[in-house]
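This is entry-v5.cif. It holds mmCIF, C-alpha atoms.
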```
data_model
#
loop_
_atom_site.label_atom_id
_atom_site.label_comp_id
_atom_site.auth_asym_id
_atom_site.auth_seq_id
_atom_site.Cartn_x
_atom_site.Cartn_y
_atom_site.Cartn_z
CA MET A 1 -61.38 78.79 -9.39
CA ALA A 2 -59.16 78.35 -6.31
CA ALA A 3 -60.02 74.64 -6.12
CA LEU A 4 -59.25 74.25 -9.83
CA GLU A 5 -55.87 75.89 -9.40
CA LEU A 6 -54.99 73.62 -6.49
CA ARG A 7 -55.96 70.62 -8.59
CA HIS A 8 -53.69 71.90 -11.36
CA LEU A 9 -50.77 72.02 -8.92
CA ARG A 10 -51.36 68.49 -7.69
CA TYR A 11 -51.63 67.21 -11.25
CA LEU A 12 -48.36 68.86 -12.26
CA LEU A 13 -46.53 67.49 -9.22
CA ALA A 14 -47.80 63.98 -9.97
CA ILE A 15 -46.41 64.15 -13.51
CA ALA A 16 -43.11 65.52 -12.20
CA GLU A 17 -42.89 62.60 -9.78
CA HIS A 18 -43.76 59.85 -12.27
CA GLY A 19 -42.25 61.33 -15.44
CA ASN A 20 -45.18 59.85 -17.31
CA PHE A 21 -48.77 60.94 -17.98
CA THR A 22 -50.18 57.40 -17.83
CA ARG A 23 -48.74 56.52 -14.41
CA ALA A 24 -49.60 59.97 -13.04
CA ALA A 25 -53.20 59.60 -14.23
CA GLU A 26 -53.44 56.18 -12.60
CA ASP A 27 -52.09 57.56 -9.34
CA LEU A 28 -54.56 60.46 -9.47
CA HIS A 29 -57.47 58.18 -10.47
CA ILE A 30 -58.36 60.25 -13.53
CA SER A 31 -58.14 59.54 -17.25
CA GLN A 32 -55.01 60.43 -19.19
CA PRO A 33 -56.90 62.73 -21.63
CA THR A 34 -58.36 64.63 -18.69
CA LEU A 35 -54.91 65.01 -17.14
CA SER A 36 -53.41 66.23 -20.42
CA GLN A 37 -56.23 68.75 -20.86
CA GLN A 38 -55.80 70.11 -17.34
CA ILE A 39 -52.03 70.52 -17.77
CA ARG A 40 -52.50 72.37 -21.07
CA GLN A 41 -54.97 74.65 -19.30
CA LEU A 42 -52.41 75.29 -16.56
CA GLU A 43 -49.73 76.12 -19.13
CA ARG A 44 -52.07 78.56 -20.87
CA THR A 45 -52.84 80.18 -17.52
CA VAL A 46 -49.20 80.74 -16.57
CA GLY A 47 -48.22 81.54 -20.16
CA VAL A 48 -45.23 79.21 -20.39
CA GLN A 49 -44.47 75.58 -21.26
CA LEU A 50 -43.97 73.59 -18.05
CA LEU A 51 -43.37 70.10 -19.46
CA ASP A 52 -41.07 68.78 -22.18
CA ARG A 53 -43.06 66.01 -23.92
CA THR A 54 -40.58 65.30 -26.73
CA GLY A 55 -38.58 62.50 -25.09
CA ARG A 56 -39.56 59.03 -23.89
CA ALA A 57 -40.06 60.43 -20.40
CA VAL A 58 -41.93 63.64 -19.65
CA ARG A 59 -39.57 66.14 -18.06
CA LEU A 60 -39.97 69.54 -16.48
CA THR A 61 -38.75 72.51 -18.47
CA ASP A 62 -36.58 75.05 -16.65
CA ALA A 63 -39.70 77.12 -16.03
CA GLY A 64 -41.56 74.00 -14.93
CA ALA A 65 -38.87 73.13 -12.39
CA VAL A 66 -39.13 76.59 -10.83
CA TYR A 67 -42.92 76.46 -10.87
CA THR A 68 -43.14 73.01 -9.23
CA ASP A 69 -40.76 74.10 -6.49
CA HIS A 70 -43.11 76.93 -5.59
CA ALA A 71 -46.13 74.64 -6.01
CA ARG A 72 -44.76 72.16 -3.47
CA ARG A 73 -44.17 74.94 -0.95
CA ALA A 74 -47.63 76.39 -1.56
CA LEU A 75 -49.39 73.07 -0.98
CA ARG A 76 -47.27 72.34 2.07
CA ASP A 77 -48.01 75.75 3.57
CA LEU A 78 -51.72 75.37 2.83
CA ALA A 79 -51.79 72.00 4.62
CA ALA A 80 -50.03 73.59 7.61
CA ALA A 81 -52.56 76.42 7.60
CA GLU A 82 -55.44 73.95 7.65
CA ARG A 83 -53.91 72.13 10.61
CA ALA A 84 -53.43 75.44 12.42
CA VAL A 85 -57.08 76.36 11.93
CA HIS A 86 -58.22 73.01 13.32
CA ASP A 87 -55.70 72.92 16.15
CA VAL A 88 -57.38 72.63 19.54
CA GLN A 89 -55.41 74.36 22.26
CA ASP A 90 -57.08 72.49 25.13
CA LEU A 91 -55.77 69.18 23.66
CA SER A 92 -59.22 67.60 23.76
CA ARG A 93 -58.38 66.37 20.26
CA GLY A 94 -55.50 66.56 17.85
CA HIS A 95 -53.16 64.48 15.75
CA LEU A 96 -49.40 63.93 15.80
CA ARG A 97 -47.21 62.49 13.04
CA LEU A 98 -44.02 61.02 14.52
CA GLY A 99 -41.03 59.39 12.83
CA VAL A 100 -38.45 57.30 14.73
CA THR A 101 -35.38 55.30 13.84
CA PRO A 102 -35.89 51.57 14.49
CA THR A 103 -34.08 50.95 17.79
CA PHE A 104 -36.34 53.40 19.64
CA THR A 105 -39.38 51.21 19.06
CA ALA A 106 -37.79 48.65 21.36
CA TYR A 107 -37.65 50.79 24.47
CA LEU A 108 -38.88 54.36 24.02
CA ILE A 109 -42.01 54.43 21.86
CA GLY A 110 -44.08 52.19 24.14
CA PRO A 111 -43.62 54.39 27.24
CA LEU A 112 -44.04 57.59 25.19
CA THR A 113 -47.30 56.38 23.63
CA ALA A 114 -48.62 55.25 27.01
CA GLU A 115 -47.81 58.64 28.54
CA LEU A 116 -49.41 60.46 25.61
CA HIS A 117 -52.59 58.40 25.95
CA THR A 118 -52.69 58.97 29.71
CA ARG A 119 -52.18 62.73 29.54
CA HIS A 120 -54.03 63.49 26.31
CA PRO A 121 -56.35 60.63 25.28
CA GLY A 122 -57.92 62.79 22.57
CA ILE A 123 -54.67 63.03 20.58
CA SER A 124 -54.19 60.37 17.91
CA LEU A 125 -50.75 59.27 16.76
CA THR A 126 -49.37 58.18 13.40
CA LEU A 127 -46.00 56.47 13.86
CA ALA A 128 -43.45 55.85 11.10
CA GLU A 129 -40.36 53.70 11.75
CA THR A 130 -37.73 54.54 9.16
CA THR A 131 -34.18 55.75 8.58
CA GLN A 132 -32.91 59.10 9.84
CA ASP A 133 -32.45 60.60 6.38
CA ARG A 134 -36.04 59.73 5.49
CA ILE A 135 -37.29 61.26 8.75
CA GLU A 136 -35.45 64.49 7.94
CA ALA A 137 -36.79 64.53 4.37
CA ALA A 138 -40.34 63.93 5.65
CA LEU A 139 -40.00 66.76 8.15
CA LEU A 140 -38.85 69.14 5.41
CA ALA A 141 -41.75 68.03 3.21
CA ASP A 142 -44.20 68.55 6.10
CA ASP A 143 -45.11 64.86 6.13
CA LEU A 144 -44.06 64.54 9.79
CA ASP A 145 -44.39 66.83 12.80
CA LEU A 146 -41.55 65.41 14.92
CA GLY A 147 -38.75 62.88 14.65
CA ILE A 148 -36.64 61.01 17.19
CA ALA A 149 -33.18 60.17 15.92
CA PHE A 150 -29.53 60.95 16.64
CA ALA A 151 -27.48 64.13 16.69
CA GLY A 152 -26.42 65.48 13.26
CA PRO A 153 -25.16 66.73 11.00
CA HIS A 154 -28.67 67.61 9.85
CA PRO A 155 -29.79 69.23 6.58
CA PRO A 156 -30.63 72.95 6.55
CA GLY A 157 -34.07 73.63 7.97
CA ILE A 158 -33.95 70.87 10.61
CA THR A 159 -33.57 71.76 14.28
CA ALA A 160 -32.49 69.20 16.87
CA THR A 161 -33.08 69.30 20.62
CA ALA A 162 -30.99 66.92 22.72
CA LEU A 163 -32.99 64.45 24.82
CA PHE A 164 -30.53 62.00 26.39
CA THR A 165 -27.38 60.00 25.79
CA GLU A 166 -27.79 56.46 24.51
CA THR A 167 -25.11 53.97 25.57
CA LEU A 168 -24.60 50.52 24.08
CA SER A 169 -23.27 47.43 25.81
CA LEU A 170 -22.85 43.75 25.30
CA VAL A 171 -26.18 42.12 26.20
CA THR A 172 -26.47 38.54 27.45
CA ALA A 173 -29.04 36.36 29.17
CA THR A 174 -29.28 37.25 32.86
CA GLN A 175 -27.12 34.98 35.04
CA HIS A 176 -28.68 36.15 38.34
CA THR A 177 -25.28 36.86 39.87
CA PRO A 178 -25.41 39.13 42.91
CA THR A 179 -22.61 41.43 41.73
CA THR A 180 -22.60 44.06 39.02
CA PRO A 181 -20.70 42.74 35.98
CA GLN A 182 -17.24 44.19 35.48
CA PRO A 183 -16.35 45.76 32.13
CA LEU A 184 -15.37 43.11 29.61
CA PRO A 185 -12.22 43.78 27.56
CA VAL A 186 -13.26 44.01 23.94
CA ARG A 187 -10.55 41.57 22.89
CA ALA A 188 -12.50 38.85 24.76
CA LEU A 189 -15.15 39.05 22.04
CA LYS A 190 -12.89 37.47 19.42
CA ASP A 191 -13.93 34.07 20.78
CA LYS A 192 -17.54 35.06 21.46
CA GLN A 193 -20.47 34.22 19.18
CA LEU A 194 -22.75 37.20 18.58
CA ALA A 195 -26.23 37.85 17.26
CA LEU A 196 -26.34 41.36 15.78
CA LEU A 197 -28.69 43.67 13.95
CA SER A 198 -28.45 43.48 10.18
CA ALA A 199 -26.52 46.02 8.13
CA ASP A 200 -29.58 48.14 7.30
CA PHE A 201 -29.62 49.43 10.90
CA ALA A 202 -27.51 52.51 11.64
CA THR A 203 -26.72 50.91 15.01
CA ARG A 204 -25.01 48.02 13.22
CA GLY A 205 -22.73 50.46 11.41
CA HIS A 206 -21.92 52.05 14.77
CA ILE A 207 -21.01 48.61 16.18
CA ASP A 208 -18.97 47.54 13.15
CA ALA A 209 -16.94 50.76 13.27
CA TYR A 210 -16.17 50.14 16.95
CA PHE A 211 -14.91 46.62 16.24
CA ALA A 212 -12.94 47.74 13.19
CA ASP A 213 -11.19 50.50 15.14
CA ARG A 214 -10.00 47.88 17.62
CA ARG A 215 -9.21 45.23 14.99
CA ILE A 216 -11.65 42.78 16.51
CA ALA A 217 -13.61 40.40 14.30
CA PRO A 218 -16.09 38.51 16.50
CA ARG A 219 -17.95 35.54 15.08
CA ILE A 220 -21.39 36.74 14.00
CA THR A 221 -23.63 33.69 14.13
CA VAL A 222 -26.99 35.41 13.67
CA GLU A 223 -28.02 38.61 11.88
CA ALA A 224 -31.58 39.87 12.35
CA ASN A 225 -33.58 42.88 11.18
CA SER A 226 -35.71 42.76 14.33
CA ILE A 227 -34.67 43.77 17.83
CA GLN A 228 -37.43 41.60 19.27
CA ALA A 229 -35.95 38.59 17.47
CA LEU A 230 -32.51 39.36 18.93
CA THR A 231 -33.79 39.66 22.49
CA GLU A 232 -35.68 36.37 22.15
CA ILE A 233 -32.60 34.61 20.77
CA VAL A 234 -30.21 35.97 23.38
CA GLN A 235 -32.34 35.13 26.41
CA ARG A 236 -32.71 31.51 25.20
CA THR A 237 -29.12 30.82 24.05
CA ASP A 238 -25.56 31.52 25.05
CA LEU A 239 -25.25 34.07 22.25
CA ALA A 240 -24.66 37.72 23.10
CA THR A 241 -25.66 40.85 21.24
CA VAL A 242 -24.88 44.57 21.32
CA LEU A 243 -27.85 46.87 21.98
CA PRO A 244 -28.72 50.07 23.83
CA ASP A 245 -28.61 49.57 27.60
CA ALA A 246 -32.12 50.97 27.91
CA ILE A 247 -33.59 47.94 26.13
CA THR A 248 -32.63 45.76 29.10
CA HIS A 249 -34.61 47.95 31.54
CA ASP A 250 -37.86 46.27 30.52
CA HIS A 251 -36.34 42.83 29.96
CA PRO A 252 -35.41 41.18 33.29
CA HIS A 253 -34.02 38.18 31.40
CA LEU A 254 -31.36 40.34 29.75
CA SER A 255 -28.32 41.98 31.33
CA PRO A 256 -25.96 44.64 29.95
CA ILE A 257 -22.23 44.10 30.29
CA PRO A 258 -20.12 47.23 29.67
CA LEU A 259 -17.24 46.83 27.26
CA ASP A 260 -13.73 48.17 27.80
CA PRO A 261 -13.21 50.51 26.08
CA PRO A 262 -16.89 51.47 25.96
CA LEU A 263 -18.76 51.86 22.71
CA PRO A 264 -19.07 55.55 21.78
CA ALA A 265 -22.23 57.08 23.19
CA ARG A 266 -24.82 58.74 20.93
CA THR A 267 -26.99 61.77 21.63
CA VAL A 268 -30.69 61.16 21.03
CA THR A 269 -32.50 64.19 19.66
CA LEU A 270 -35.99 65.45 18.95
CA LEU A 271 -36.11 66.72 15.35
CA GLN A 272 -38.44 69.37 13.90
CA ARG A 273 -38.65 71.51 10.79
CA GLU A 274 -37.37 74.95 11.64
CA SER A 275 -40.20 76.93 10.06
CA ALA A 276 -43.00 74.44 10.75
CA TYR A 277 -46.23 75.31 12.52
CA HIS A 278 -46.07 73.56 15.90
CA SER A 279 -49.53 72.41 16.87
CA ALA A 280 -50.69 72.06 20.45
CA ALA A 281 -50.32 68.28 20.07
CA THR A 282 -46.73 68.69 18.85
CA ARG A 283 -45.82 70.97 21.74
CA ALA A 284 -47.48 68.66 24.28
CA PHE A 285 -45.63 65.61 22.95
CA ALA A 286 -42.28 67.41 23.03
CA GLU A 287 -42.91 68.37 26.64
CA LEU A 288 -43.91 64.89 27.78
CA THR A 289 -40.90 63.40 25.96
CA HIS A 290 -38.52 65.54 27.98
CA ASP A 291 -40.43 64.65 31.16
CA LEU A 292 -40.35 60.92 30.45
CA VAL A 293 -36.62 60.62 29.69
CA HIS A 294 -35.93 62.49 32.94
CA THR A 295 -38.33 60.32 34.95
CA ARG A 296 -36.89 57.08 33.57
CA GLY A 297 -33.37 58.17 34.48
CA TYR A 298 -31.81 58.19 31.04
CA THR A 299 -28.33 59.68 30.93
CA PRO A 300 -28.51 63.45 30.27
CA PRO A 301 -27.16 64.58 26.88
CA LEU A 302 -23.44 65.20 26.64
#
```
Take the structure in the file and give it back as structure tokens.
Amino acid sequence: MAALELRHLRYLLAIAEHGNFTRAAEDLHISQPTLSQQIRQLERTVGVQLLDRTGRAVRLTDAGAVYTDHARRALRDLAAAERAVHDVQDLSRGHLRLGVTPTFTAYLIGPLTAELHTRHPGISLTLAETTQDRIEAALLADDLDLGIAFAGPHPPGITATALFTETLSLVTATQHTPTTPQPLPVRALKDKQLALLSADFATRGHIDAYFADRRIAPRITVEANSIQALTEIVQRTDLATVLPDAITHDHPHLSPIPLDPPLPARTVTLLQRESAYHSAATRAFAELTHDLVHTRGYTPPL
């Protein structure tokens, strides 16, 4: 009976998500009559109507909305309980679900994954590159264990631990000059052609706000939704870009040039759900992340 009840919950949540029996049945890989029968059985069991079927779209009743909220939490907690039972404290095996905002894949995820594999080769990793709001939503839904993003504000239920301070600079092809470049006045960029990240990156918004505050409108010749594309373009042309300084650490053909005034720094944080079960793999990854940012000399958090 327990398995049947869990199936009932999953069926109800699928209908709530799709607003339609047909699409929910397709998603669940069952027939629509079977789905309808199971939902009627669930409504008889709880003794209340959970779905309003009178309109073009199927909607939750008030009771159904309350019930689905509890159903989501119950399934989430059950999944966490199953992971806790299978958690191996000696780290001989395990699994970690990590979400990161896009710029970190260019300089942080590679070293972190290498360190994880070296220390704990039995731990597998699922990596999601997405926006910060989606990372936070996935953490709250228990679809991720950890996230790497920027300091808040964060929604209730999310805790953030500061890792390091990310600084951004103008980035150009390396000129092999023996001296450290002097800060470049930002007004000099009005005659400079730039290649920048596209508007769907949070970093681009950070850059645009900096230019707008100083009433500078540089000529943006190239926009790209790939950091790798930008680094390839910059090292082969006279175009410049604006990226985190840390990206240049592993690219000898690129050099950071500080701007005057500097772009505002951002605090990089490790995000978790406040009430989540923290597996041995999650705790081990959090520890090695703090170790790695210290070893690589990243600027401590403000």
Neighbours of Pro256 of chain A within 10 Å (all atoms listed in the file; same-chain residues fewer than 3 positions away dropped), as an MDAnalysis selection string?
-> chainID A and resid 168:174 180:181 183 240:249 259
Which protein, DNA or RNA residues are at most 8 Å from (-41.2, 60.6, 13.2) in the file's coordinates when you count only C-alpha atoms, listed as a PyMOL selection string?
-> chain A and resi 97-101+127-129+135+144-148
Mind checking which residues fall within 9 Å of segment 55-70 of chain A, counting all atoms listed in the file, ignoring those fewer than 6 positions away in the same chain, and posting them as JSON, numbers by chain?
-> {"A": [9, 12, 13, 15, 16, 18, 19, 20, 21, 48, 49]}
Quick one: residues within 10 Å of Ala284 of chain A, only C-alpha atoms, excluding same-chain residues fewer than 2 positions away - as a short mmCIF file (atom, residue, chain, number, x, y, z; two decimals) with C-alpha atoms, in the frame of the given file?
```
data_model
loop_
_atom_site.label_atom_id
_atom_site.label_comp_id
_atom_site.auth_asym_id
_atom_site.auth_seq_id
_atom_site.Cartn_x
_atom_site.Cartn_y
_atom_site.Cartn_z
CA GLN A 89 -55.41 74.36 22.26
CA LEU A 91 -55.77 69.18 23.66
CA LEU A 96 -49.40 63.93 15.80
CA LEU A 116 -49.41 60.46 25.61
CA ARG A 119 -52.18 62.73 29.54
CA HIS A 120 -54.03 63.49 26.31
CA ILE A 123 -54.67 63.03 20.58
CA HIS A 278 -46.07 73.56 15.90
CA SER A 279 -49.53 72.41 16.87
CA ALA A 280 -50.69 72.06 20.45
CA ALA A 281 -50.32 68.28 20.07
CA THR A 282 -46.73 68.69 18.85
CA ALA A 286 -42.28 67.41 23.03
CA GLU A 287 -42.91 68.37 26.64
CA LEU A 288 -43.91 64.89 27.78
CA THR A 289 -40.90 63.40 25.96
#
```
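Here atom CA of Gln175 of chain A is placed at a distance of 11.8 Å from atom CA of Arg236 of chain A.
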Run the PyMOL selection byres ((chain A and resi 206) around 12) on the file and write out the hits as a VMD selection string.
-> chain A and resid 150 167 to 168 196 to 205 207 to 213 242 to 244 263 to 266
Atom CA of Thr113 of chain A to atom CA of Pro153 of chain A: how many Å, to one decimal?
-> 27.5 Å
Determine the residue membership of the PyMOL selection byres ((chain A and resi 77-82) around 10) for the file above and supply it as an MDAnalysis selection string.
-> chainID A and resid 71:76 83:87 141:143 276:279
For the atom pair atom CA of Pro301 of chain A and atom CA of Ala149 of chain A, what is the interatomic distance in Å to one decimal place?
->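 Answer for the atom CA of Pro301 of chain A to atom CA of Ala149 of chain A separation: 13.3 Å.
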